[in-house]
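run_3.csv, holding CSV, C-alpha atoms:
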```csv
chain,number,residue,atom,x,y,z
D,28,MET,CA,4.6,-27.6,-24.4
D,29,SER,CA,5.7,-25.8,-21.2
D,30,ILE,CA,5.3,-22.1,-20.2
D,31,ALA,CA,4.3,-20.2,-23.3
D,32,LEU,CA,4.2,-16.7,-21.6
D,33,TYR,CA,6.2,-15.2,-18.8
D,34,ARG,CA,4.2,-12.1,-17.9
D,35,ILE,CA,4.7,-9.1,-15.6
D,36,ASP,CA,1.3,-7.7,-14.8
D,37,ASP,CA,0.4,-5.9,-11.6
D,38,ARG,CA,-3.2,-7.0,-11.9
D,39,LEU,CA,-2.0,-10.6,-11.7
D,40,ILE,CA,-4.7,-13.0,-12.9
D,41,HIS,CA,-7.4,-11.0,-14.8
D,42,GLY,CA,-9.3,-10.9,-18.0
D,43,GLN,CA,-6.4,-10.2,-20.4
D,44,VAL,CA,-4.5,-13.2,-18.9
D,45,VAL,CA,-7.3,-15.7,-18.8
D,46,VAL,CA,-9.2,-14.7,-21.9
D,47,GLY,CA,-6.9,-12.5,-24.0
D,48,TRP,CA,-3.9,-14.8,-23.8
D,49,GLY,CA,-5.4,-17.9,-22.3
D,50,LYS,CA,-7.9,-18.6,-25.2
D,51,PRO,CA,-5.5,-18.4,-28.2
D,52,LEU,CA,-2.8,-20.2,-26.3
D,53,ASN,CA,-5.2,-22.9,-25.2
D,54,VAL,CA,-3.8,-22.6,-21.7
D,55,ALA,CA,-4.2,-25.5,-19.2
D,56,PHE,CA,-2.5,-24.0,-16.2
D,57,ILE,CA,-1.6,-20.6,-14.8
D,58,VAL,CA,1.2,-20.1,-12.3
D,59,LEU,CA,0.8,-17.0,-10.1
D,60,VAL,CA,4.1,-16.1,-8.4
D,61,ASP,CA,3.4,-13.7,-5.6
D,62,ASP,CA,4.6,-14.1,-2.0
D,63,ALA,CA,1.6,-12.3,-0.5
D,64,VAL,CA,-1.0,-14.2,-2.4
D,65,ARG,CA,0.8,-17.5,-1.7
D,66,ALA,CA,0.5,-16.8,2.0
D,67,SER,CA,-3.3,-16.1,1.9
D,68,ALA,CA,-5.9,-18.8,1.1
D,69,TRP,CA,-8.5,-16.0,0.9
D,70,GLU,CA,-6.6,-14.1,-1.8
D,71,GLN,CA,-6.0,-17.3,-3.7
D,72,GLU,CA,-9.7,-18.1,-3.7
D,73,LEU,CA,-10.3,-14.6,-5.1
D,74,TYR,CA,-7.9,-15.1,-8.0
D,75,ARG,CA,-9.3,-18.6,-8.6
D,76,MET,CA,-12.8,-17.2,-9.1
D,77,GLY,CA,-11.8,-15.6,-12.4
D,78,VAL,CA,-10.4,-18.7,-14.0
D,79,PRO,CA,-12.5,-21.5,-15.6
D,80,SER,CA,-12.5,-24.8,-13.7
D,81,GLU,CA,-10.7,-26.6,-16.6
D,82,ILE,CA,-7.6,-24.3,-16.1
D,83,GLU,CA,-5.4,-25.2,-13.1
D,84,VAL,CA,-4.1,-22.3,-11.0
D,85,VAL,CA,-0.8,-22.8,-9.2
D,86,PHE,CA,0.1,-20.3,-6.4
D,87,ALA,CA,3.8,-20.1,-5.7
D,88,SER,CA,6.1,-18.0,-3.7
D,89,THR,CA,9.2,-16.7,-5.5
D,90,LYS,CA,11.3,-19.4,-3.8
D,91,GLU,CA,8.9,-22.1,-4.7
D,92,ALA,CA,8.8,-20.9,-8.3
D,93,LEU,CA,12.5,-21.1,-8.6
D,94,GLU,CA,12.4,-24.7,-7.3
D,95,ARG,CA,9.5,-25.7,-9.7
D,96,LEU,CA,10.3,-23.8,-12.8
D,97,THR,CA,12.0,-26.7,-14.5
D,98,GLU,CA,9.0,-28.9,-13.7
D,99,TRP,CA,6.6,-26.4,-15.2
D,100,GLU,CA,8.8,-26.0,-18.3
D,101,HIS,CA,8.6,-29.7,-18.9
D,102,ASP,CA,4.8,-29.9,-18.4
D,103,PRO,CA,3.2,-31.2,-21.6
D,104,ARG,CA,0.4,-28.7,-21.2
D,105,VAL,CA,0.6,-25.0,-22.1
D,106,GLY,CA,1.0,-22.6,-19.2
D,107,ILE,CA,1.3,-18.9,-18.4
D,108,LEU,CA,3.4,-17.6,-15.5
D,109,VAL,CA,2.4,-14.3,-14.1
D,110,ALA,CA,4.2,-12.1,-11.6
D,111,GLY,CA,3.2,-8.6,-10.4
D,112,ASP,CA,6.5,-6.9,-10.6
D,113,ILE,CA,9.9,-6.9,-12.3
D,114,ASP,CA,11.8,-8.0,-9.2
D,115,THR,CA,9.9,-11.3,-9.0
D,116,LEU,CA,10.2,-12.2,-12.7
D,117,ALA,CA,13.9,-11.1,-12.6
D,118,ALA,CA,14.5,-13.5,-9.7
D,119,LEU,CA,13.3,-16.4,-11.9
D,120,THR,CA,15.9,-15.7,-14.6
D,121,VAL,CA,18.9,-16.4,-12.3
D,122,ASN,CA,20.8,-19.7,-12.0
D,123,ARG,CA,20.5,-20.4,-15.7
D,124,HIS,CA,16.7,-21.0,-15.5
D,125,PRO,CA,15.3,-21.2,-19.0
D,126,VAL,CA,13.3,-17.9,-19.1
D,127,SER,CA,14.1,-16.7,-22.6
D,128,ARG,CA,11.2,-14.2,-23.1
D,129,VAL,CA,9.4,-11.8,-20.8
D,130,ASN,CA,6.2,-10.1,-21.6
D,131,VAL,CA,5.5,-6.7,-19.9
D,132,GLY,CA,1.7,-6.8,-19.9
D,133,GLY,CA,0.7,-4.2,-17.4
D,134,LEU,CA,2.5,-1.9,-14.9
D,135,HIS,CA,0.3,1.0,-14.0
D,136,HIS,CA,0.8,4.5,-12.7
D,137,ARG,CA,2.4,4.9,-9.3
D,138,PRO,CA,4.3,7.9,-7.8
D,139,GLY,CA,7.8,7.9,-9.3
D,140,ARG,CA,6.8,6.2,-12.5
D,141,SER,CA,6.3,7.8,-15.9
D,142,GLU,CA,4.2,6.7,-18.8
D,143,ARG,CA,6.1,4.7,-21.4
D,144,LEU,CA,3.1,3.1,-23.0
D,145,ARG,CA,-0.7,3.3,-22.3
D,146,TYR,CA,-0.3,0.2,-20.0
D,147,VAL,CA,3.3,0.5,-19.0
D,148,TYR,CA,4.5,3.0,-16.4
D,149,LEU,CA,8.1,2.7,-15.2
D,150,SER,CA,10.5,4.4,-12.9
D,151,ASP,CA,14.0,5.0,-14.2
D,152,ALA,CA,15.2,2.2,-11.9
D,153,GLU,CA,12.6,-0.2,-13.3
D,154,ALA,CA,13.5,0.6,-16.9
D,155,SER,CA,17.1,-0.1,-16.0
D,156,GLN,CA,16.1,-3.4,-14.4
D,157,LEU,CA,14.4,-4.4,-17.7
D,158,ARG,CA,17.5,-3.5,-19.7
D,159,THR,CA,19.6,-5.6,-17.3
D,160,LEU,CA,17.3,-8.5,-18.0
D,161,ALA,CA,17.7,-8.0,-21.7
D,162,ALA,CA,21.5,-7.8,-21.3
D,163,ARG,CA,21.3,-11.3,-19.7
D,164,GLY,CA,19.8,-12.6,-23.0
D,165,VAL,CA,16.1,-12.4,-22.1
D,166,GLU,CA,13.9,-11.0,-24.8
D,167,VAL,CA,11.8,-8.3,-23.2
D,168,THR,CA,8.8,-6.8,-25.0
D,169,ALA,CA,5.6,-5.1,-24.0
D,170,GLN,CA,2.3,-6.4,-25.2
D,171,ASP,CA,-1.0,-6.2,-23.4
D,172,VAL,CA,-3.0,-8.6,-25.6
D,173,PRO,CA,-1.9,-10.9,-28.4
D,174,THR,CA,-3.8,-9.0,-31.1
D,175,THR,CA,-1.5,-6.0,-30.7
D,176,PRO,CA,2.1,-6.1,-31.9
D,177,PRO,CA,4.8,-6.6,-29.3
D,178,VAL,CA,6.8,-3.4,-28.5
D,179,PRO,CA,10.5,-3.8,-28.3
D,180,LEU,CA,12.2,-2.9,-25.1
D,181,GLU,CA,14.2,0.0,-26.6
D,182,ASP,CA,10.9,1.6,-27.6
D,183,PHE,CA,9.6,1.9,-24.0
D,184,THR,CA,12.7,2.3,-21.8
N,1,MET,CA,-35.1,6.1,7.7
N,2,SER,CA,-31.5,5.0,6.9
N,3,GLU,CA,-29.7,6.3,3.9
N,4,PRO,CA,-30.6,4.6,0.5
N,5,LEU,CA,-28.0,2.3,-0.9
N,6,ARG,CA,-25.6,3.6,-3.5
N,7,GLY,CA,-24.8,1.4,-6.5
N,8,VAL,CA,-21.2,1.4,-7.7
N,9,ILE,CA,-20.7,-0.1,-11.1
N,10,VAL,CA,-17.2,-1.5,-11.5
N,11,SER,CA,-16.1,-2.4,-15.0
N,12,HIS,CA,-13.5,-2.6,-17.7
N,13,ALA,CA,-13.3,0.3,-20.1
N,14,ALA,CA,-16.4,2.5,-20.3
N,15,VAL,CA,-19.0,-0.2,-19.6
N,16,ALA,CA,-19.9,1.3,-16.2
N,17,GLN,CA,-20.4,4.8,-17.6
N,18,ALA,CA,-22.6,3.5,-20.4
N,19,LEU,CA,-24.8,1.4,-18.0
N,20,LEU,CA,-25.2,4.5,-15.8
N,21,ALA,CA,-26.3,6.6,-18.9
N,22,ALA,CA,-28.7,3.9,-19.9
N,23,VAL,CA,-30.3,3.7,-16.4
N,24,ALA,CA,-30.7,7.4,-16.3
N,25,ALA,CA,-32.2,7.5,-19.8
N,26,ILE,CA,-34.8,4.8,-18.9
N,27,THR,CA,-35.7,5.8,-15.4
N,28,GLY,CA,-34.8,9.4,-15.0
N,29,VAL,CA,-32.9,8.4,-11.8
N,30,HIS,CA,-29.6,10.2,-11.7
N,31,ASP,CA,-28.3,9.9,-8.2
N,32,ALA,CA,-28.3,6.2,-7.4
N,33,LEU,CA,-25.3,5.0,-9.3
N,34,VAL,CA,-21.6,5.8,-9.6
N,35,PRO,CA,-19.4,4.4,-12.4
N,36,VAL,CA,-15.8,3.2,-11.8
N,37,SER,CA,-13.6,2.0,-14.6
N,38,ASN,CA,-10.4,0.0,-14.0
N,39,ASP,CA,-8.7,1.8,-16.9
N,40,GLY,CA,-5.1,2.5,-16.2
N,41,CYS,CA,-5.3,1.2,-12.6
N,42,ASP,CA,-3.2,-1.3,-10.7
N,43,THR,CA,-4.9,-2.8,-7.7
N,44,GLY,CA,-4.0,0.1,-5.4
N,45,ALA,CA,-5.3,2.7,-7.8
N,46,LEU,CA,-8.5,0.8,-8.4
N,47,ALA,CA,-9.0,0.4,-4.6
N,48,GLU,CA,-8.7,4.2,-4.3
N,49,ARG,CA,-11.3,4.8,-7.0
N,50,LEU,CA,-13.7,2.4,-5.3
N,51,THR,CA,-13.1,4.0,-1.9
N,52,ARG,CA,-13.9,7.4,-3.3
N,53,ALA,CA,-17.0,6.1,-5.0
N,54,ILE,CA,-18.4,4.3,-1.9
N,55,ASP,CA,-17.6,7.4,0.2
N,56,ASP,CA,-18.3,5.5,3.5
N,57,LYS,CA,-21.9,5.0,2.4
N,58,PRO,CA,-23.9,1.8,2.3
N,59,ALA,CA,-23.4,0.4,-1.1
N,60,ILE,CA,-23.7,-2.4,-3.6
N,61,LEU,CA,-20.7,-3.0,-5.9
N,62,PHE,CA,-22.0,-4.2,-9.3
N,63,VAL,CA,-19.0,-5.8,-11.0
N,64,ASP,CA,-18.9,-6.8,-14.6
N,65,LEU,CA,-17.1,-10.2,-14.5
N,66,PRO,CA,-17.0,-12.9,-11.8
N,67,GLY,CA,-13.2,-12.7,-11.7
N,68,GLY,CA,-10.4,-10.4,-12.5
N,69,SER,CA,-9.2,-7.1,-11.2
N,70,CYS,CA,-12.6,-5.4,-10.8
N,71,LEU,CA,-13.8,-8.3,-8.7
N,72,THR,CA,-10.7,-8.8,-6.6
N,73,SER,CA,-10.6,-5.1,-5.7
N,74,SER,CA,-14.3,-5.0,-5.0
N,75,VAL,CA,-14.3,-8.1,-2.7
N,76,ARG,CA,-11.2,-6.9,-0.9
N,77,LEU,CA,-12.9,-3.6,-0.2
N,78,ALA,CA,-16.2,-5.1,0.9
N,79,ARG,CA,-14.5,-7.7,3.2
N,80,GLY,CA,-15.6,-7.2,6.7
N,81,LYS,CA,-18.0,-4.3,5.9
N,82,ALA,CA,-21.6,-5.2,6.7
N,83,ASN,CA,-22.9,-2.3,4.7
N,84,VAL,CA,-21.2,-3.1,1.4
N,85,ALA,CA,-22.1,-6.1,-0.8
N,86,VAL,CA,-20.9,-7.3,-4.2
N,87,VAL,CA,-22.8,-8.6,-7.2
N,88,THR,CA,-21.1,-9.9,-10.3
N,89,GLY,CA,-22.3,-10.1,-13.9
N,90,VAL,CA,-23.8,-6.6,-13.9
N,91,ASN,CA,-26.4,-6.0,-16.6
N,92,LEU,CA,-29.0,-3.3,-17.3
N,93,ALA,CA,-31.9,-5.2,-16.0
N,94,MET,CA,-30.4,-5.7,-12.5
N,95,LEU,CA,-29.6,-2.0,-12.3
N,96,LEU,CA,-33.1,-1.0,-13.4
N,97,ASP,CA,-34.5,-3.1,-10.5
N,98,PHE,CA,-31.9,-1.9,-8.0
N,99,VAL,CA,-32.5,1.9,-8.4
N,100,PHE,CA,-36.1,1.3,-7.2
N,101,HIS,CA,-35.1,-0.9,-4.3
N,102,ARG,CA,-32.4,1.0,-2.5
N,103,ASP,CA,-34.0,0.8,0.9
N,104,LEU,CA,-33.2,-2.9,1.4
N,105,PRO,CA,-30.4,-4.1,3.6
N,106,PRO,CA,-27.2,-4.6,1.4
N,107,GLY,CA,-27.3,-8.4,1.5
N,108,ASP,CA,-31.0,-8.5,0.5
N,109,ALA,CA,-30.5,-5.9,-2.2
N,110,ALA,CA,-27.5,-7.8,-3.7
N,111,ARG,CA,-29.5,-11.0,-3.8
N,112,ARG,CA,-32.5,-9.2,-5.4
N,113,ALA,CA,-30.3,-7.6,-8.0
N,114,ALA,CA,-28.7,-10.9,-8.9
N,115,GLU,CA,-32.1,-12.5,-9.3
N,116,ALA,CA,-33.3,-9.6,-11.5
N,117,GLY,CA,-30.2,-9.8,-13.6
N,118,SER,CA,-30.5,-13.6,-14.0
N,119,ARG,CA,-34.2,-13.3,-15.0
N,120,ALA,CA,-33.2,-11.0,-17.9
N,121,ILE,CA,-31.0,-13.6,-19.6
N,122,ARG,CA,-33.2,-15.6,-22.0
N,123,THR,CA,-33.1,-17.1,-25.4
N,124,PRO,CA,-36.4,-15.9,-27.0
N,125,ALA,CA,-37.6,-17.6,-30.1
N,126,ALA,CA,-37.0,-15.4,-33.1
```

Just give me the structure as structure tokens.
Amino acid sequence: MSIALYRIDDRLIHGQVVVGWGKPLNVAFIVLVDDAVRASAWEQELYRMGVPSEIEVVFASTKEALERLTEWEHDPRVGILVAGDIDTLAALTVNRHPVSRVNVGGLHHRPGRSERLRYVYLSDAEASQLRTLAARGVEVTAQDVPTTPPVPLEDFT
Amino acid sequence: MSEPLRGVIVSHAAVAQALLAAVAAITGVHDALVPVSNDGCDTGALAERLTRAIDDKPAILFVDLPGGSCLTSSVRLARGKANVAVVTGVNLAMLLDFVFHRDLPPGDAARRAAEAGSRAIRTPAA
């Protein structure tokens, strides 16, 4: 089945990912792509605590994710890949990797960002990054949970 | 006598605020608990809210779920602090017990709260 959801979410693995998306998608594995978490066994344990034992959690650096993306795409199980920022997800779309859709699930307020949706705050540079992704043929939408309709990129950038 | 423990309820949406209101309504105790919601927060913003709520006081962080952003931020903040402990699965029963036992060391108070909360989960015959 492969990776059913490529998600940008600065909370990384949390309730919306595990329950909101994980339950309806019947997810068997979650890939967390984050260089800092990959380097910290303690942080990994923290994120693992929120995931039922029947769901595998894979921690990967951006470099490792690039190397293993094809493997995950061919996994017969259903998976979710989560990254905490646009840069990380954008890095996975280079070299003709098969990321065709990106879900912006949560980017929250920080200095320099403005509110685009209740759960999406972007700087102008970040909005431009998302438009660049779309121009490469990636479908970019915002959607926090699957019971809400996806918001097209042009409606929040 | 040392300062009584502060309880910080850390939750999604308005659960923390509602639990605080319920504890106040039942006990009349208004100064033992502080609510923190993760609404609109990334991990940095939630850490700031938690830091303000704890205010360098001895505290127990009562977290709604045993995983997710509320827990990860709480555990990160409590790490290495002897006067801050974390309990997950917050419910009204554990808070009602806690507000009357705020003079315990944080670790003991956390264990006591967890036991009180667990005892409240039953399946009574109807």

Please indicate the distance in Å from CA of Ala116 in chain N to CA of Met94 in chain N, rounded to one decimal place.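 These atoms are spaced 5.0 Å apart.
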
Can you measure CA of Leu157 in chain D to CA of Thr184 in chain D for me? One decimal in Å is fine.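 Separation of CA of Leu157 in chain D and CA of Thr184 in chain D: 8.0 Å.
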
In Å, with one decimal, what is the gap from CA of Asp102 in chain D to CA of Thr89 in chain D?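 We find that CA of Asp102 in chain D and CA of Thr89 in chain D lie 19.0 Å from each other.
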
Starting from chain D, keep only residues with some atom at most 8 Å from an atom of chain N, counting only C-alpha atoms, and report them as a ChimeraX atom specification. /D:37-38,40-42,73-78,134-136,145-146

Near-Arg65 in chain D list (12 Å; all atoms listed in the file; drop same-chain fewer than 5 positions) as a list in words: Val58, Leu59, Val60, Glu70, Gln71, Glu72, Leu73, Tyr74, Val84, Val85, Phe86, Ala87, Ser88, Thr89, Lys90, Glu91, Ala92 and Ala110 of chain D

For Pro177 in chain D, which residue among D:His101, D:Arg163, D:Arg140, D:Arg128 is the nearest when counting only C-alpha atoms?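 Looking only at the distances to Pro177 in chain D, the closest residue turns out to be D:Arg128.
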
Glu100 in chain D: which residues within 7 Å, counting all atoms listed in the file, same-chain residues fewer than 3 positions away excluded, as a compact mmCIF listing (two decimals) with C-alpha atoms, in the frame of the given file?
```txt
# COMPACT_ATOMS: atom_id res chain seq x y z
CA SER D 29 5.70 -25.80 -21.20
CA ILE D 30 5.30 -22.10 -20.20
CA LEU D 96 10.30 -23.80 -12.80
CA THR D 97 12.00 -26.70 -14.50
```
